[in-house]
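A.B. asks: Below is one structure. I have some questions about it.
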Amino acid sequence: MSHDTTRTPHWPGYAEVHRVTTVLRRESVGGMLLVMAAIIAIVWANSPVSEAYFALRDFRFGYEPWHLELSVGSWAADGLLAVFFFLVGLELKREIVVGSLRHLNTAIVPVTAAFAGVAVPALIYVAIVHAQPSLLAGWAIPTATDIAFAVAVLALVGSHLPGPLRIFLLTLAVVDDLIAIAIIAVFYTSDIALVPLAVFAVLVVVYGVIAHRGRAWFARTSWGAWVVLLPIGFAAWAFLHASGVHATIAGVALAFTIPVAASRRQPEVRGMDLSEQFEHRFRPLSAGIAVPLFAFFAAGVSVGGGEGLLRAVTDPVTLGVVAGLVLGKPLGILLGVRLLTLVTKVRLDPALKWIDLAGVGLLAGIGFTVSLLIAELSFPDGSPHTDDAKIAIMVASLLASILASSVLLLRNRRYKQLALAEKVDADGDDVPDVYQRPRPEAG
């Protein structure tokens with residue numbers, strides 16, 4: 001199905017822009033940009049010119065009467081990351097309406113794995129930091145999975161892995177993101193202003209009505225969403241930010257109003273999926289700009305030399321986050337699925353093995369983007385535990401990606417050997433002679 005029904009524009013530079021956006025839609029490219037942005041931030045924040053990095057991150061601009069005078073880092077975390085959550089919301093709604101979450105029998109295994117993969121890391125973190133009650137606020141840091149980073153690693157190492165394994169990871173990561181969104185909305189929101197929240201709700205309804213009524217026009221034009229929906233979406237985001245609820249939730253709420261299946265009342269748009277088209281159009285913006293910029297401004301942590309590194313290593317927050325992501329994620333996922341298969345009639349897909357799930361469980365320990373966001377929300381501004389948590393997230397994500405790649409590369413090699421063996425059998429001499437003899441001529 002075509003993602004964009006517009007005619008190919010003929011303006012200077014279009015071909016180059018099209019080439020760049022096509023590259024940015026590749027799962028591996030988004031993950032690599034994310035890692036590169038984080039590495040640049042860490043190096044700059046610990047270089048002799050680190051003051052320039054922090055001055056840039058803390059520079060404030062915006063309209064204060066609307067509560068929008070924010071630092072550059074806050075604009076990246078609250079504003080740009082809403083684009084990422086908009087894409088997450090589109091993907092989640094598609095999975096619920098027409099995807100793997102539509103049927104309970106196919107969704108129950110990865111959904112159970114997602115909830116267990118959130119609970120066990122949180123419990124491990126709490127067990128490690130319980131002696132210092134002030135640190136318990138960070139319990140949700142090791143619960144999130146970075147869908148972009150994890151899928152990028154899987155794309156790089158899993159060319160021959162079973163298709164159901166990728167679907168399992170995608171479903172698990174999407175549900176994991178939904179849980180993370182709920183955690184942010186419930187546990188990291190205080191002092192809610194009801195009037196801005198009510199205006200936000202009205203704007204979301206208006207946004208959804210316009211998206212549904214104009215779905216054919218938005219599908220035919222590449223600029224319609226930018227000039228009509230974007231201003232309404234920005235206004236909704238601004239009012240949610242003013243209400244005290246974390247503004248990234250606006251991205252999910254707006255995405256849930258975008259129609260997924262073609263309307264039966266509009267035969268002329270049958271076969272068009274506005275949700276899929278929006279995801280196709282806006283993914284380069286998220287993967288190439290929004291998420292890397294957030295990572296750039298969130299990952300810049302000044303280690304503080306040997307003394308600072310020693311403090312970070314011995315901080316219970318660091319230990320809790322690393323243990324939660326690297327150990328808690330795979331343990332929770334495997335335990336959750338195992339308990340489900342023991343107490344119910346649900347069974348694992350025959351194409352999957354438990355060692356495959358262990359590899360995906362390790363991959364789910366990559367908690368980069370959302371974990372960094374929760375780390376910034378967990379502790380007071382200026383707290384050293386925030387930086388320690390960020391260091392722990394990056395270390396844990398690196399360890400998880402290495403361990404997961406080691407397991408999945410071995411499994412990928414095994415599946416590749418099986419595929420080659422099946423091909424040889426299919427082309428070999430074990431085919432019955434009757435199929436190899438030439439057919440007799442007619443008459």
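Please note that chains go A, B, ... in the order of the structure tokens, that every chain numbers its residues from 1, and that ligands are numbered from 1 in the order shown.
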Looking only at the backbone, which of the residues in region 46-258 of chain A does DSSP tag as alpha helix (DSSP H), as a PyMOL selection string?

C.D. replies: chain A and resi 50-58+72-74+81-97+104-129+147-157+163-187+194-213+215-220+224+230-243+249-255

A.B. asks: Tell me which protein, DNA and RNA residues are within 7 Å of region 335-337 of chain A, counting only C-alpha atoms, leaving out same-chain ones fewer than 3 positions away, and put them as a list of chain:residue names.

C.D. replies: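 Close residues of region 335-337 of chain A: A:Val109, A:Thr112, A:Ala113, A:Ala116, A:Leu331, A:Gly332, A:Leu340, A:Thr341.
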
A.B. asks: If I take CA of Phe379 (chain A) and CA of Ser401 (chain A), how far is one from the other in Å, to one decimal?

C.D. replies: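 Pair CA of Phe379 (chain A) / CA of Ser401 (chain A) returns 26.6 Å.
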
A.B. asks: From the set A:Val88, A:Ala185, A:Val174, A:Ile210, which residue has the shortest atom-to-atom contact distance to Pro110 (chain A), counting only C-alpha atoms?

C.D. replies: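 Once distances to Pro110 (chain A) are computed over only C-alpha atoms, the minimum belongs to A:Val174.
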
A.B. asks: In Å, how far is it from CA of Ser134 (chain A) to CA of Val118 (chain A)?

C.D. replies: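 These two atoms are separated by 20.9 Å.
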
A.B. asks: With distances taken over only C-alpha atoms, which of A:Pro231, A:Pro142, A:Gly251, A:Pro196 is nearest to Leu327 (chain A)?

C.D. replies: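 Counting only C-alpha atoms, the residue closest to Leu327 (chain A) is A:Pro142.
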
A.B. asks: Dump as JSON lines the rows for residues of region 108-162 of chain A within 10 Å of region 177-182 of chain A: closest atom pair and distance in Å with one decimal, only C-alpha atoms counted, ordered by chain and rising residue number.

C.D. replies:
{"residue": "A:Ala114", "atom": "CA", "partner": "A:Ile179", "partner_atom": "CA", "distance": 8.5}
{"residue": "A:Phe115", "atom": "CA", "partner": "A:Ile179", "partner_atom": "CA", "distance": 7.8}
{"residue": "A:Val118", "atom": "CA", "partner": "A:Ile179", "partner_atom": "CA", "distance": 8.1}
{"residue": "A:Ala140", "atom": "CA", "partner": "A:Ala180", "partner_atom": "CA", "distance": 8.1}
{"residue": "A:Ile141", "atom": "CA", "partner": "A:Ala180", "partner_atom": "CA", "distance": 9.4}
{"residue": "A:Thr143", "atom": "CA", "partner": "A:Ala180", "partner_atom": "CA", "distance": 7.5}
{"residue": "A:Ala144", "atom": "CA", "partner": "A:Ala180", "partner_atom": "CA", "distance": 6.2}
{"residue": "A:Thr145", "atom": "CA", "partner": "A:Asp177", "partner_atom": "CA", "distance": 7.1}
{"residue": "A:Asp146", "atom": "CA", "partner": "A:Asp177", "partner_atom": "CA", "distance": 8.2}
{"residue": "A:Ile147", "atom": "CA", "partner": "A:Asp177", "partner_atom": "CA", "distance": 8.0}

A.B. asks: With N, CA, C and O atoms kept, could you save the residues just selected as a PDB file, in the first residue's frame?

C.D. replies:
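Final output, saved to selection.pdb:
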ATOM      1  N   ALA A 114       5.704  -7.981  29.058  1.00  0.00           N
ATOM      2  CA  ALA A 114       5.949  -6.555  29.272  1.00  0.00           C
ATOM      3  C   ALA A 114       5.674  -6.159  30.717  1.00  0.00           C
ATOM      4  O   ALA A 114       6.479  -5.455  31.342  1.00  0.00           O
ATOM      5  N   PHE A 115       4.538  -6.607  31.261  1.00  0.00           N
ATOM      6  CA  PHE A 115       4.208  -6.243  32.646  1.00  0.00           C
ATOM      7  C   PHE A 115       5.208  -6.853  33.630  1.00  0.00           C
ATOM      8  O   PHE A 115       5.645  -6.182  34.574  1.00  0.00           O
ATOM      9  N   VAL A 118       8.439  -5.043  33.613  1.00  0.00           N
ATOM     10  CA  VAL A 118       8.410  -3.765  34.336  1.00  0.00           C
ATOM     11  C   VAL A 118       8.478  -3.998  35.843  1.00  0.00           C
ATOM     12  O   VAL A 118       9.192  -3.299  36.567  1.00  0.00           O
ATOM     13  N   ALA A 140      11.115   3.659  38.868  1.00  0.00           N
ATOM     14  CA  ALA A 140      10.643   3.403  37.503  1.00  0.00           C
ATOM     15  C   ALA A 140      11.740   3.555  36.451  1.00  0.00           C
ATOM     16  O   ALA A 140      11.511   3.238  35.285  1.00  0.00           O
ATOM     17  N   ILE A 141      12.925   4.018  36.851  1.00  0.00           N
ATOM     18  CA  ILE A 141      13.983   4.253  35.864  1.00  0.00           C
ATOM     19  C   ILE A 141      14.347   2.992  35.089  1.00  0.00           C
ATOM     20  O   ILE A 141      14.456   3.027  33.857  1.00  0.00           O
ATOM     21  N   THR A 143      12.583   0.430  34.336  1.00  0.00           N
ATOM     22  CA  THR A 143      11.425  -0.334  33.843  1.00  0.00           C
ATOM     23  C   THR A 143      11.177  -0.170  32.354  1.00  0.00           C
ATOM     24  O   THR A 143      10.397  -0.921  31.771  1.00  0.00           O
ATOM     25  N   ALA A 144      11.809   0.825  31.718  1.00  0.00           N
ATOM     26  CA  ALA A 144      11.465   1.161  30.328  1.00  0.00           C
ATOM     27  C   ALA A 144      12.407   0.491  29.336  1.00  0.00           C
ATOM     28  O   ALA A 144      13.586   0.260  29.618  1.00  0.00           O
ATOM     29  N   THR A 145      11.874   0.188  28.159  1.00  0.00           N
ATOM     30  CA  THR A 145      12.656  -0.337  27.046  1.00  0.00           C
ATOM     31  C   THR A 145      12.664   0.685  25.921  1.00  0.00           C
ATOM     32  O   THR A 145      11.620   1.218  25.550  1.00  0.00           O
ATOM     33  N   ASP A 146      13.848   0.963  25.382  1.00  0.00           N
ATOM     34  CA  ASP A 146      13.949   1.895  24.266  1.00  0.00           C
ATOM     35  C   ASP A 146      13.643   1.140  22.971  1.00  0.00           C
ATOM     36  O   ASP A 146      14.468   0.374  22.474  1.00  0.00           O
ATOM     37  N   ILE A 147      12.439   1.377  22.430  1.00  0.00           N
ATOM     38  CA  ILE A 147      11.994   0.614  21.264  1.00  0.00           C
ATOM     39  C   ILE A 147      12.884   0.877  20.044  1.00  0.00           C
ATOM     40  O   ILE A 147      13.208  -0.055  19.291  1.00  0.00           O
TER      41      ILE A 147
END

A.B. asks: Could you tell me which of A:Glu307, A:Asp78, A:Asp387, A:Asp349 comes closest to Ile42 (chain A) if we count only C-alpha atoms?

C.D. replies: A:Asp387

A.B. asks: Set the distance at 8 Å and use only C-alpha atoms: which residues neighbour His160 (chain A) once local chain neighbours fewer than 3 positions away are removed? I'd like the list as a ChimeraX atom specification.

C.D. replies: /A:412-413,415-416

A.B. asks: Please identify all polymer residues within 10 Å of Val326 (chain A), counting only C-alpha atoms, omitting same-chain residues fewer than 3 positions from it, and present them as a ChimeraX atom specification.

C.D. replies: /A:121,142,321-323,329-331,361-367,393,395-401,403-404

A.B. asks: Residues within 12 Å of Gly73 (chain A), please, as an NGL selection string. Count only C-alpha atoms; anything in the same chain fewer than 2 positions from it doesn't count.

C.D. replies: :A and (53-61 or 69-71 or 75-81 or 290 or 293-300 or 373 or 376)

A.B. asks: Measuring between only C-alpha atoms, which one of A:His385, A:His212, A:His130, A:Lys353 shows the shortest distance to Thr318 (chain A)?

C.D. replies: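 Ranking A:His385, A:His212, A:His130, A:Lys353 by distance to Thr318 (chain A), first place goes to A:His385.
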
A.B. asks: Quick one: of A:Gln417, A:Thr257, A:Ser243, A:Gln277, who's nearest to Ser222 (chain A), counting only C-alpha atoms?

C.D. replies: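 That would be A:Gln277, the residue with the smallest distance to Ser222 (chain A).
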